[in-house]
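Here's target_21.cif, which has mmCIF, C-alpha atoms:
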data_structure
loop_
_atom_site.label_atom_id
_atom_site.label_comp_id
_atom_site.auth_asym_id
_atom_site.auth_seq_id
_atom_site.Cartn_x
_atom_site.Cartn_y
_atom_site.Cartn_z
CA MET A 19 17.28 1.46 -16.73
CA LYS A 20 14.95 4.41 -17.09
CA LEU A 21 12.80 5.89 -14.34
CA ILE A 22 9.65 7.68 -15.45
CA GLY A 23 8.63 10.00 -12.64
CA TYR A 24 7.60 13.47 -11.59
CA PHE A 25 9.56 15.71 -9.25
CA ARG A 26 6.66 16.21 -6.84
CA SER A 27 5.42 12.61 -6.81
CA GLY A 28 6.10 11.05 -3.42
CA ALA A 29 6.27 7.57 -4.92
CA SER A 30 8.83 8.71 -7.53
CA TYR A 31 10.82 10.40 -4.76
CA ARG A 32 10.94 7.07 -2.87
CA VAL A 33 12.42 5.28 -5.87
CA ARG A 34 14.93 8.08 -6.50
CA ILE A 35 16.18 7.66 -2.92
CA ALA A 36 16.32 3.86 -3.19
CA LEU A 37 18.31 4.03 -6.43
CA ASN A 38 20.72 6.51 -4.82
CA VAL A 39 21.12 4.30 -1.74
CA LYS A 40 22.04 1.42 -4.04
CA GLY A 41 24.35 3.61 -6.10
CA ILE A 42 22.46 2.85 -9.32
CA LYS A 43 22.46 5.48 -12.07
CA VAL A 44 19.42 5.51 -14.35
CA GLU A 45 18.09 7.63 -17.17
CA HIS A 46 15.27 9.92 -16.06
CA ALA A 47 12.08 10.75 -17.92
CA PHE A 48 9.11 12.72 -16.69
CA ARG A 49 5.34 12.88 -16.86
CA HIS A 50 3.82 16.14 -15.70
CA LEU A 51 1.04 15.03 -13.38
CA ARG A 52 -0.78 18.39 -13.19
CA LYS A 53 -0.96 18.42 -16.98
CA GLY A 54 -2.34 14.86 -16.92
CA GLU A 55 0.52 13.38 -18.96
CA GLN A 56 0.31 10.16 -16.89
CA LYS A 57 -3.13 9.47 -18.39
CA SER A 58 -2.06 9.63 -22.06
CA ASP A 59 -2.68 6.57 -24.23
CA ASP A 60 1.02 5.91 -24.76
CA TYR A 61 1.78 6.01 -21.04
CA LEU A 62 -1.19 3.83 -20.09
CA LYS A 63 0.36 1.12 -22.29
CA ILE A 64 3.42 1.29 -20.01
CA ASN A 65 1.54 1.71 -16.74
CA PRO A 66 -2.18 0.84 -16.88
CA GLN A 67 -2.76 2.55 -13.55
CA GLY A 68 -1.71 5.89 -15.04
CA LEU A 69 0.59 6.51 -12.10
CA VAL A 70 4.27 7.29 -11.67
CA PRO A 71 6.85 5.96 -11.18
CA SER A 72 7.54 3.26 -13.75
CA LEU A 73 10.98 1.69 -13.92
CA LEU A 74 11.89 0.43 -17.40
CA LEU A 75 14.52 -2.28 -17.38
CA ASP A 76 16.98 -2.62 -20.26
CA ASP A 77 15.12 -5.64 -21.69
CA GLY A 78 11.87 -3.67 -21.89
CA THR A 79 10.33 -5.03 -18.70
CA VAL A 80 8.25 -2.41 -16.88
CA LEU A 81 8.15 -2.40 -13.09
CA THR A 82 5.48 -0.36 -11.33
CA GLN A 83 4.50 0.45 -7.73
CA SER A 84 7.29 2.01 -5.68
CA ILE A 85 7.25 -0.61 -2.91
CA ALA A 86 7.46 -3.45 -5.44
CA ILE A 87 10.32 -1.63 -7.19
CA MET A 88 12.18 -1.22 -3.90
CA GLU A 89 11.71 -4.91 -3.05
CA TRP A 90 13.05 -5.81 -6.51
CA LEU A 91 16.04 -3.50 -6.04
CA ASP A 92 16.78 -5.10 -2.69
CA GLU A 93 16.58 -8.60 -4.16
CA THR A 94 18.73 -7.85 -7.21
CA HIS A 95 21.17 -5.33 -5.67
CA PRO A 96 21.40 -6.43 -2.02
CA GLN A 97 23.98 -3.91 -0.79
CA PRO A 98 23.35 -1.75 1.11
CA PRO A 99 20.08 -3.35 2.22
CA LEU A 100 16.78 -1.47 2.45
CA LEU A 101 15.43 -3.97 5.00
CA PRO A 102 16.94 -5.56 8.13
CA LYS A 103 17.82 -9.27 8.14
CA ASP A 104 15.55 -10.61 10.86
CA PRO A 105 12.03 -11.47 9.63
CA VAL A 106 10.22 -9.74 12.50
CA ASN A 107 12.30 -6.59 12.05
CA ARG A 108 11.65 -6.73 8.30
CA ALA A 109 7.93 -6.98 9.05
CA LYS A 110 8.06 -3.92 11.29
CA VAL A 111 9.92 -1.85 8.70
CA ARG A 112 7.52 -2.96 5.98
CA ALA A 113 4.51 -2.21 8.19
CA PHE A 114 5.73 1.35 8.71
CA ALA A 115 6.44 1.76 4.98
CA LEU A 116 2.94 0.48 4.22
CA ALA A 117 1.32 2.66 6.88
CA VAL A 118 2.61 5.57 4.80
CA SER A 119 2.19 4.05 1.34
CA CYS A 120 -1.27 2.56 1.82
CA ASP A 121 -2.96 4.61 4.50
CA ILE A 122 -1.62 8.13 3.98
CA HIS A 123 -0.24 8.66 0.49
CA PRO A 124 -3.07 7.32 -1.74
CA VAL A 125 -5.76 9.02 0.33
CA GLN A 126 -4.20 12.48 -0.20
CA ASN A 127 -2.81 11.90 -3.67
CA LEU A 128 -3.70 13.98 -6.73
CA GLY A 129 -6.35 11.55 -8.03
CA PRO A 130 -8.48 11.39 -4.87
CA LEU A 131 -8.09 15.13 -4.27
CA ASN A 132 -9.32 15.85 -7.79
CA LYS A 133 -12.14 13.42 -7.14
CA LEU A 134 -13.11 15.29 -3.96
CA ALA A 135 -13.37 18.49 -6.02
CA ALA A 136 -15.48 16.63 -8.60
CA PHE A 137 -17.77 15.55 -5.74
CA GLY A 138 -18.37 19.19 -4.87
CA ILE A 139 -15.85 19.75 -2.07
CA ASP A 140 -14.40 23.27 -2.25
CA GLN A 141 -10.66 23.87 -2.45
CA ALA A 142 -10.25 24.90 1.20
CA ASN A 143 -11.86 21.65 2.33
CA VAL A 144 -9.87 19.57 -0.15
CA THR A 145 -6.73 21.00 1.46
CA ARG A 146 -8.18 20.34 4.93
CA TRP A 147 -8.82 16.72 3.91
CA ALA A 148 -5.19 16.30 2.82
CA LYS A 149 -3.90 18.04 5.94
CA GLU A 150 -5.94 15.81 8.26
CA VAL A 151 -5.01 12.61 6.42
CA ASN A 152 -1.34 13.52 6.77
CA PHE A 153 -1.61 14.56 10.42
CA ASP A 154 -3.62 11.54 11.55
CA GLY A 155 -1.53 9.10 9.55
CA LEU A 156 1.80 10.49 10.73
CA GLN A 157 0.58 10.53 14.32
CA ALA A 158 0.11 6.77 14.05
CA CYS A 159 3.51 6.44 12.38
CA GLU A 160 5.11 8.34 15.25
CA ALA A 161 3.59 5.80 17.67
CA LEU A 162 4.88 2.91 15.54
CA ILE A 163 8.50 4.03 16.05
CA ALA A 164 8.22 5.71 19.47
CA ALA A 165 10.00 2.81 21.18
CA GLU A 166 12.52 2.19 18.39
CA LYS A 167 16.09 3.41 18.69
CA GLY A 168 17.06 6.26 16.36
CA PRO A 169 18.23 8.25 14.71
CA PHE A 170 16.53 6.58 11.74
CA CYS A 171 13.05 5.07 11.97
CA PHE A 172 14.51 1.71 12.91
CA GLY A 173 18.01 2.09 14.29
CA ASP A 174 21.24 3.41 12.90
CA THR A 175 20.78 2.84 9.17
CA PRO A 176 18.05 4.06 6.82
CA THR A 177 15.49 1.52 5.63
CA MET A 178 12.44 1.38 3.41
CA ALA A 179 10.58 3.00 6.32
CA ASP A 180 12.67 6.18 6.10
CA ILE A 181 12.45 6.13 2.31
CA CYS A 182 8.65 6.24 2.55
CA LEU A 183 8.60 8.71 5.44
CA VAL A 184 10.77 11.51 4.03
CA PRO A 185 8.71 12.15 0.85
CA GLN A 186 5.47 12.07 2.85
CA LEU A 187 6.71 14.87 5.09
CA VAL A 188 7.01 17.12 2.04
CA ASN A 189 3.31 16.60 1.43
CA ALA A 190 2.41 16.98 5.09
CA ARG A 191 4.04 20.40 5.18
CA ARG A 192 2.64 21.43 1.80
CA PHE A 193 -0.89 20.78 3.10
CA GLY A 194 -0.22 22.60 6.38
CA ALA A 195 -0.15 19.66 8.79
CA ASP A 196 1.56 20.59 12.07
CA ILE A 197 4.08 17.80 12.48
CA SER A 198 6.25 19.66 15.01
CA GLY A 199 5.23 17.29 17.82
CA PHE A 200 6.37 14.12 16.02
CA LYS A 201 9.85 13.99 17.54
CA ARG A 202 10.98 10.56 16.34
CA ILE A 203 9.77 11.26 12.81
CA LEU A 204 11.61 14.56 12.68
CA GLU A 205 14.75 12.94 14.13
CA ALA A 206 14.64 10.31 11.37
CA GLU A 207 14.07 12.92 8.67
CA ALA A 208 17.02 15.01 9.87
CA ALA A 209 19.29 11.96 9.87
CA CYS A 210 18.16 11.03 6.36
CA LEU A 211 18.62 14.46 4.83
CA LYS A 212 22.26 14.49 5.93
CA LEU A 213 22.84 11.62 3.51
CA PRO A 214 23.46 12.46 -0.18
CA ALA A 215 21.17 9.56 -1.23
CA PHE A 216 18.24 11.44 0.29
CA ALA A 217 19.44 15.02 -0.20
CA ASP A 218 20.04 14.51 -3.94
CA ALA A 219 16.55 13.07 -4.41
CA VAL A 220 14.55 16.02 -3.05
CA PRO A 221 11.92 17.33 -5.46
CA GLU A 222 13.42 20.79 -5.97
CA LYS A 223 16.70 19.34 -7.25
CA GLN A 224 15.11 17.33 -10.06
CA PRO A 225 15.40 18.42 -13.71
CA ASP A 226 11.61 18.72 -14.10
CA ALA A 227 11.16 20.86 -10.95
CA GLU A 228 9.27 24.10 -11.47
CA MET B 201 -0.47 -16.90 17.16
CA LYS B 202 -3.61 -14.82 17.39
CA LEU B 203 -5.19 -12.88 14.54
CA ILE B 204 -7.27 -9.88 15.51
CA GLY B 205 -9.59 -9.14 12.61
CA TYR B 206 -13.10 -8.43 11.43
CA PHE B 207 -15.09 -10.62 9.09
CA ARG B 208 -15.77 -7.86 6.58
CA SER B 209 -12.30 -6.29 6.63
CA GLY B 210 -10.58 -6.93 3.30
CA ALA B 211 -7.14 -6.76 4.90
CA SER B 212 -8.14 -9.34 7.55
CA TYR B 213 -9.56 -11.54 4.79
CA ARG B 214 -6.18 -11.45 2.99
CA VAL B 215 -4.36 -12.67 6.08
CA ARG B 216 -6.95 -15.39 6.71
CA ILE B 217 -6.34 -16.70 3.19
CA ALA B 218 -2.55 -16.51 3.54
CA LEU B 219 -2.64 -18.42 6.85
CA ASN B 220 -4.87 -21.06 5.26
CA VAL B 221 -2.54 -21.37 2.23
CA LYS B 222 0.35 -21.98 4.64
CA GLY B 223 -1.70 -24.41 6.71
CA ILE B 224 -1.20 -22.37 9.87
CA LYS B 225 -3.89 -22.51 12.56
CA VAL B 226 -4.24 -19.44 14.73
CA GLU B 227 -6.55 -18.22 17.46
CA HIS B 228 -9.04 -15.63 16.20
CA ALA B 229 -10.19 -12.48 17.96
CA PHE B 230 -12.37 -9.72 16.59
CA ARG B 231 -12.85 -5.98 16.66
CA HIS B 232 -16.18 -4.78 15.35
CA LEU B 233 -15.26 -1.96 12.99
CA ARG B 234 -18.73 -0.46 12.65
CA LYS B 235 -18.89 -0.18 16.43
CA GLY B 236 -15.46 1.50 16.43
CA GLU B 237 -13.81 -1.18 18.59
CA GLN B 238 -10.57 -0.74 16.61
CA LYS B 239 -10.22 2.79 18.03
CA SER B 240 -10.41 1.79 21.72
CA ASP B 241 -7.47 2.74 23.95
CA ASP B 242 -6.50 -0.87 24.61
CA TYR B 243 -6.45 -1.74 20.91
CA LEU B 244 -4.49 1.38 19.94
CA LYS B 245 -1.74 0.12 22.24
CA ILE B 246 -1.56 -2.99 20.06
CA ASN B 247 -2.05 -1.25 16.73
CA PRO B 248 -1.50 2.54 16.80
CA GLN B 249 -3.17 2.88 13.40
CA GLY B 250 -6.46 1.58 14.83
CA LEU B 251 -6.78 -0.83 11.93
CA VAL B 252 -7.23 -4.57 11.59
CA PRO B 253 -5.67 -7.04 11.22
CA SER B 254 -3.00 -7.44 13.86
CA LEU B 255 -1.14 -10.71 14.18
CA LEU B 256 0.08 -11.43 17.70
CA LEU B 257 3.02 -13.81 17.84
CA ASP B 258 3.48 -16.15 20.78
CA ASP B 259 6.28 -14.01 22.24
CA GLY B 260 4.03 -10.94 22.32
CA THR B 261 5.36 -9.36 19.11
CA VAL B 262 2.63 -7.58 17.17
CA LEU B 263 2.71 -7.57 13.38
CA THR B 264 0.50 -5.13 11.48
CA GLN B 265 -0.28 -4.31 7.84
CA SER B 266 -1.55 -7.29 5.83
CA ILE B 267 1.14 -7.10 3.13
CA ALA B 268 3.92 -7.00 5.74
CA ILE B 269 2.29 -9.95 7.53
CA MET B 270 2.14 -11.93 4.27
CA GLU B 271 5.80 -11.17 3.50
CA TRP B 272 6.71 -12.34 7.03
CA LEU B 273 4.66 -15.52 6.58
CA ASP B 274 6.43 -16.21 3.30
CA GLU B 275 9.86 -15.68 4.86
CA THR B 276 9.21 -17.80 7.94
CA HIS B 277 6.94 -20.48 6.41
CA PRO B 278 8.17 -20.71 2.80
CA GLN B 279 5.91 -23.53 1.58
CA PRO B 280 3.77 -23.14 -0.41
CA PRO B 281 5.11 -19.76 -1.56
CA LEU B 282 2.96 -16.65 -1.92
CA LEU B 283 5.41 -15.17 -4.45
CA PRO B 284 7.22 -16.62 -7.48
CA LYS B 285 10.98 -17.18 -7.37
CA ASP B 286 12.20 -14.86 -10.13
CA PRO B 287 12.72 -11.25 -8.96
CA VAL B 288 10.91 -9.68 -11.95
CA ASN B 289 7.96 -12.00 -11.51
CA ARG B 290 7.92 -11.25 -7.78
CA ALA B 291 7.88 -7.54 -8.63
CA LYS B 292 4.90 -8.00 -10.94
CA VAL B 293 2.94 -9.96 -8.36
CA ARG B 294 3.76 -7.41 -5.67
CA ALA B 295 2.82 -4.52 -7.99
CA PHE B 296 -0.61 -6.06 -8.57
CA ALA B 297 -1.06 -6.69 -4.83
CA LEU B 298 -0.11 -3.07 -4.13
CA ALA B 299 -2.35 -1.71 -6.90
CA VAL B 300 -5.19 -3.21 -4.86
CA SER B 301 -3.81 -2.57 -1.38
CA CYS B 302 -2.60 1.00 -1.91
CA ASP B 303 -4.72 2.44 -4.70
CA ILE B 304 -8.12 0.82 -4.22
CA HIS B 305 -8.62 -0.51 -0.72
CA PRO B 306 -7.60 2.47 1.46
CA VAL B 307 -9.46 4.96 -0.72
CA GLN B 308 -12.79 3.12 -0.23
CA ASN B 309 -12.18 1.87 3.28
CA LEU B 310 -14.42 2.66 6.25
CA GLY B 311 -12.26 5.54 7.55
CA PRO B 312 -12.19 7.61 4.34
CA LEU B 313 -15.87 6.87 3.64
CA ASN B 314 -16.79 8.14 7.11
CA LYS B 315 -14.60 11.14 6.43
CA LEU B 316 -16.45 11.85 3.18
CA ALA B 317 -19.70 11.89 5.14
CA ALA B 318 -18.11 14.21 7.71
CA PHE B 319 -17.14 16.52 4.83
CA GLY B 320 -20.80 16.78 3.84
CA ILE B 321 -21.06 14.15 1.10
CA ASP B 322 -24.45 12.42 1.23
CA GLN B 323 -24.75 8.64 1.52
CA ALA B 324 -25.61 8.06 -2.15
CA ASN B 325 -22.49 9.90 -3.23
CA VAL B 326 -20.33 8.15 -0.64
CA THR B 327 -21.43 4.86 -2.20
CA ARG B 328 -20.80 6.26 -5.69
CA TRP B 329 -17.28 7.25 -4.60
CA ALA B 330 -16.58 3.69 -3.39
CA LYS B 331 -18.12 2.18 -6.52
CA GLU B 332 -16.00 4.36 -8.83
CA VAL B 333 -12.79 3.74 -6.88
CA ASN B 334 -13.39 -0.01 -7.15
CA PHE B 335 -14.34 0.07 -10.84
CA ASP B 336 -11.47 2.31 -11.95
CA GLY B 337 -8.92 0.48 -9.83
CA LEU B 338 -9.99 -2.98 -10.94
CA GLN B 339 -10.03 -1.87 -14.58
CA ALA B 340 -6.32 -1.06 -14.21
CA CYS B 341 -5.76 -4.38 -12.43
CA GLU B 342 -7.44 -6.21 -15.31
CA ALA B 343 -4.96 -4.54 -17.69
CA LEU B 344 -2.03 -5.53 -15.45
CA ILE B 345 -2.84 -9.24 -15.90
CA ALA B 346 -4.44 -9.19 -19.36
CA ALA B 347 -1.34 -10.76 -20.95
CA GLU B 348 -0.61 -13.15 -18.06
CA LYS B 349 -1.50 -16.81 -18.30
CA GLY B 350 -4.32 -17.97 -16.02
CA PRO B 351 -6.24 -19.26 -14.39
CA PHE B 352 -4.83 -17.34 -11.42
CA CYS B 353 -3.60 -13.74 -11.72
CA PHE B 354 -0.10 -14.94 -12.52
CA GLY B 355 -0.14 -18.52 -13.82
CA ASP B 356 -1.21 -21.79 -12.36
CA THR B 357 -0.80 -21.18 -8.64
CA PRO B 358 -2.31 -18.51 -6.40
CA THR B 359 -0.03 -15.71 -5.21
CA MET B 360 -0.22 -12.59 -3.08
CA ALA B 361 -1.91 -10.96 -6.09
CA ASP B 362 -4.90 -13.31 -5.90
CA ILE B 363 -4.97 -12.99 -2.11
CA CYS B 364 -5.41 -9.22 -2.46
CA LEU B 365 -7.79 -9.46 -5.41
CA VAL B 366 -10.43 -11.82 -4.01
CA PRO B 367 -11.33 -9.74 -0.92
CA GLN B 368 -11.46 -6.56 -3.01
CA LEU B 369 -14.09 -8.09 -5.28
CA VAL B 370 -16.40 -8.50 -2.28
CA ASN B 371 -16.21 -4.76 -1.77
CA ALA B 372 -16.56 -3.98 -5.47
CA ARG B 373 -19.84 -5.90 -5.60
CA ARG B 374 -21.06 -4.51 -2.29
CA PHE B 375 -20.67 -0.98 -3.66
CA GLY B 376 -22.33 -1.88 -6.97
CA ALA B 377 -19.33 -1.76 -9.32
CA ASP B 378 -20.03 -3.63 -12.57
CA ILE B 379 -17.02 -5.93 -12.83
CA SER B 380 -18.62 -8.31 -15.34
CA GLY B 381 -16.27 -7.17 -18.11
CA PHE B 382 -13.07 -8.00 -16.20
CA LYS B 383 -12.61 -11.48 -17.61
CA ARG B 384 -9.11 -12.28 -16.28
CA ILE B 385 -10.02 -11.03 -12.82
CA LEU B 386 -13.17 -13.17 -12.72
CA GLU B 387 -11.23 -16.18 -14.02
CA ALA B 388 -8.71 -15.77 -11.21
CA GLU B 389 -11.42 -15.36 -8.59
CA ALA B 390 -13.22 -18.51 -9.77
CA ALA B 391 -9.99 -20.51 -9.62
CA CYS B 392 -9.26 -19.20 -6.12
CA LEU B 393 -12.69 -19.92 -4.68
CA LYS B 394 -12.37 -23.59 -5.66
CA LEU B 395 -9.53 -23.84 -3.14
CA PRO B 396 -10.41 -24.43 0.53
CA ALA B 397 -7.76 -21.87 1.59
CA PHE B 398 -9.84 -19.16 -0.06
CA ALA B 399 -13.30 -20.64 0.38
CA ASP B 400 -12.85 -21.11 4.13
CA ALA B 401 -11.73 -17.49 4.54
CA VAL B 402 -14.79 -15.78 3.04
CA PRO B 403 -16.40 -13.20 5.35
CA GLU B 404 -19.73 -14.99 5.79
CA LYS B 405 -18.04 -18.11 7.21
CA GLN B 406 -16.25 -16.26 10.03
CA PRO B 407 -17.42 -16.56 13.66
CA ASP B 408 -18.06 -12.82 13.93
CA ALA B 409 -20.15 -12.63 10.71
CA GLU B 410 -23.54 -11.00 11.10
#
Written as structure tokens, that's how I'd like the structure from this file.
Amino acid sequence: MKLIGYFRSGASYRVRIALNVKGIKVEHAFRHLRKGEQKSDDYLKINPQGLVPSLLLDDGTVLTQSIAIMEWLDETHPQPPLLPKDPVNRAKVRAFALAVSCDIHPVQNLGPLNKLAAFGIDQANVTRWAKEVNFDGLQACEALIAAEKGPFCFGDTPTMADICLVPQLVNARRFGADISGFKRILEAEAACLKLPAFADAVPEKQPDAE
Amino acid sequence: MKLIGYFRSGASYRVRIALNVKGIKVEHAFRHLRKGEQKSDDYLKINPQGLVPSLLLDDGTVLTQSIAIMEWLDETHPQPPLLPKDPVNRAKVRAFALAVSCDIHPVQNLGPLNKLAAFGIDQANVTRWAKEVNFDGLQACEALIAAEKGPFCFGDTPTMADICLVPQLVNARRFGADISGFKRILEAEAACLKLPAFADAVPEKQPDAE
């Protein structure tokens, strides 16, 4: 398998963690998002959305969208699981993962931020946009797990929820969001980063990091 | 079960279709999004994100996030399925559903559009933003299914991909995106709207439609 990603891409970071959790070694390739390499003709043939990551299977099949890739990993390599067994608990973990992946990440991602600039928003306000989207979104996420036992988002093992949360916190801090009040989120992050599966996947440890 | 939704919410529309596909009757309740009823204190206790839909189970459990709700429906009420059986095919269907649900819908949803206005973008440009997000996103979606057999997005039965696509097309048209060139998408939509599960779920047929 080959993962095409970018060190700073939150969605690539999710898949790096998930592969580590499963103990799956893959070849790594990179597209430099700030240089626009994800919009080249050859890459658009692989991933028509022009986004990373893409996971290339050995038979040439291309899987896209980090959540879909994680679901595929969990179906084809069940141990250790990324989701609990009980359907309601699975739904809660997925809802948290989607609260990050749908309602925070794409709204503060490179494409929309570039679009804001193209619509005449100055750089300080583009950053304010991203900061507010992260703060407001993570505030809701904190409420989603406030009553759940820790130390992870949902109990004593990491799930897809944690795998979506940890990369988002990198962005939240980068854009200056004050997340110091989100106690459950920070507890989950600390528990995750003690695990090699998460610690080895951090952006600054990747070969394409600058 | 009780579904709290809004007739014009694309995410509520998805869950209405999925419930119809499964033949599940639920009680319906509504939050008027333009009046901000989804941000009231009582509703935020149900859904801390202040979004619709929420699905209330009979034991009081609240499920949120339309994709998580559809996955739960498919796990607890397997027939007819919303996803194919083969893991790679499931991943492709999910990737398409997420290309709509992550990369189009939240970027042109009411919250971000209100935020654009708050950041000083005038109404004509807010609409242009939504139109472009829909056009660009659906163009990528068209490419994702260009090589797939029809009439639905992925073959001869509707899946989660179609359930995410059909509501998005309502928005695309509302914002003036010219989708006439997206032949596979329009083929899938036409096939879907012949089915009562889809046709009965359209916004204008809901009790809260204006």
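Distances from A:Cys159, A:Lys167, A:Asp154, A:Gln186 to Asn247 in chain B were compared using only C-alpha atoms, and the smallest one belongs to A:Cys159.
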task: Provide as number ranges by chain the residues of chain A at most 8 Å from chain B, counting all atoms listed in the file.
output: A: 66-67, 81-83, 85-87, 89-90, 93-94, 105-106, 108-110, 112-113, 116-117, 119-121, 124-125, 130, 137, 139, 143, 155, 158-159, 161-162
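Of note, CA of Leu128 in chain A and CA of Val366 in chain B are spaced 26.8 Å apart.
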Tell me which residues the PyMOL selection byres ((chain B and resi 398-406) around 9) grabs here, as an mmCIF file with C-alpha atoms, in the coordinates of the input.
data_model
loop_
_atom_site.group_PDB
_atom_site.id
_atom_site.type_symbol
_atom_site.label_atom_id
_atom_site.label_comp_id
_atom_site.auth_asym_id
_atom_site.auth_seq_id
_atom_site.Cartn_x
_atom_site.Cartn_y
_atom_site.Cartn_z
ATOM 1 C CA TYR B 206 -13.100 -8.430 11.430
ATOM 2 C CA PHE B 207 -15.090 -10.620 9.090
ATOM 3 C CA ARG B 208 -15.770 -7.860 6.580
ATOM 4 C CA SER B 209 -12.300 -6.290 6.630
ATOM 5 C CA GLY B 210 -10.580 -6.930 3.300
ATOM 6 C CA TYR B 213 -9.560 -11.540 4.790
ATOM 7 C CA ARG B 214 -6.180 -11.450 2.990
ATOM 8 C CA VAL B 215 -4.360 -12.670 6.080
ATOM 9 C CA ARG B 216 -6.950 -15.390 6.710
ATOM 10 C CA ILE B 217 -6.340 -16.700 3.190
ATOM 11 C CA ALA B 218 -2.550 -16.510 3.540
ATOM 12 C CA ASN B 220 -4.870 -21.060 5.260
ATOM 13 C CA VAL B 221 -2.540 -21.370 2.230
ATOM 14 C CA ILE B 363 -4.970 -12.990 -2.110
ATOM 15 C CA VAL B 366 -10.430 -11.820 -4.010
ATOM 16 C CA PRO B 367 -11.330 -9.740 -0.920
ATOM 17 C CA VAL B 370 -16.400 -8.500 -2.280
ATOM 18 C CA CYS B 392 -9.260 -19.200 -6.120
ATOM 19 C CA LEU B 393 -12.690 -19.920 -4.680
ATOM 20 C CA LYS B 394 -12.370 -23.590 -5.660
ATOM 21 C CA LEU B 395 -9.530 -23.840 -3.140
ATOM 22 C CA PRO B 396 -10.410 -24.430 0.530
ATOM 23 C CA ALA B 397 -7.760 -21.870 1.590
ATOM 24 C CA PRO B 407 -17.420 -16.560 13.660
ATOM 25 C CA ASP B 408 -18.060 -12.820 13.930
ATOM 26 C CA ALA B 409 -20.150 -12.630 10.710
ATOM 27 C CA GLU B 410 -23.540 -11.000 11.100
#
- request: List the residues selected by the PyMOL selection byres ((chain B and resi 374) around 12) in the file shown, writing them as a ChimeraX atom specification.
  value: /B:208,308,327-328,330-331,334-335,367-373,375-379
Hey, can you spit out that residue selection with C-alpha atoms as a short mmCIF file (atom, residue, chain, number, x, y, z; two decimals), keeping the file's coordinate frame?
data_model
loop_
_atom_site.label_atom_id
_atom_site.label_comp_id
_atom_site.auth_asym_id
_atom_site.auth_seq_id
_atom_site.Cartn_x
_atom_site.Cartn_y
_atom_site.Cartn_z
CA ARG B 208 -15.77 -7.86 6.58
CA GLN B 308 -12.79 3.12 -0.23
CA THR B 327 -21.43 4.86 -2.20
CA ARG B 328 -20.80 6.26 -5.69
CA ALA B 330 -16.58 3.69 -3.39
CA LYS B 331 -18.12 2.18 -6.52
CA ASN B 334 -13.39 -0.01 -7.15
CA PHE B 335 -14.34 0.07 -10.84
CA PRO B 367 -11.33 -9.74 -0.92
CA GLN B 368 -11.46 -6.56 -3.01
CA LEU B 369 -14.09 -8.09 -5.28
CA VAL B 370 -16.40 -8.50 -2.28
CA ASN B 371 -16.21 -4.76 -1.77
CA ALA B 372 -16.56 -3.98 -5.47
CA ARG B 373 -19.84 -5.90 -5.60
CA PHE B 375 -20.67 -0.98 -3.66
CA GLY B 376 -22.33 -1.88 -6.97
CA ALA B 377 -19.33 -1.76 -9.32
CA ASP B 378 -20.03 -3.63 -12.57
CA ILE B 379 -17.02 -5.93 -12.83
#
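Around Leu256 in chain B, within 8 Å and counting only C-alpha atoms, the residues found are Met201, Lys202, Leu203, Ile204, Ser254, Asp258, Gly260, Thr261, Val262 and Leu263 of chain B, once anything fewer than 2 positions away on its own chain is removed.
Nearest residue to Ala347 in chain B, choosing from B:Lys383, B:Cys364, B:Ala390, B:Val252 and counting all atoms listed in the file: B:Lys383.
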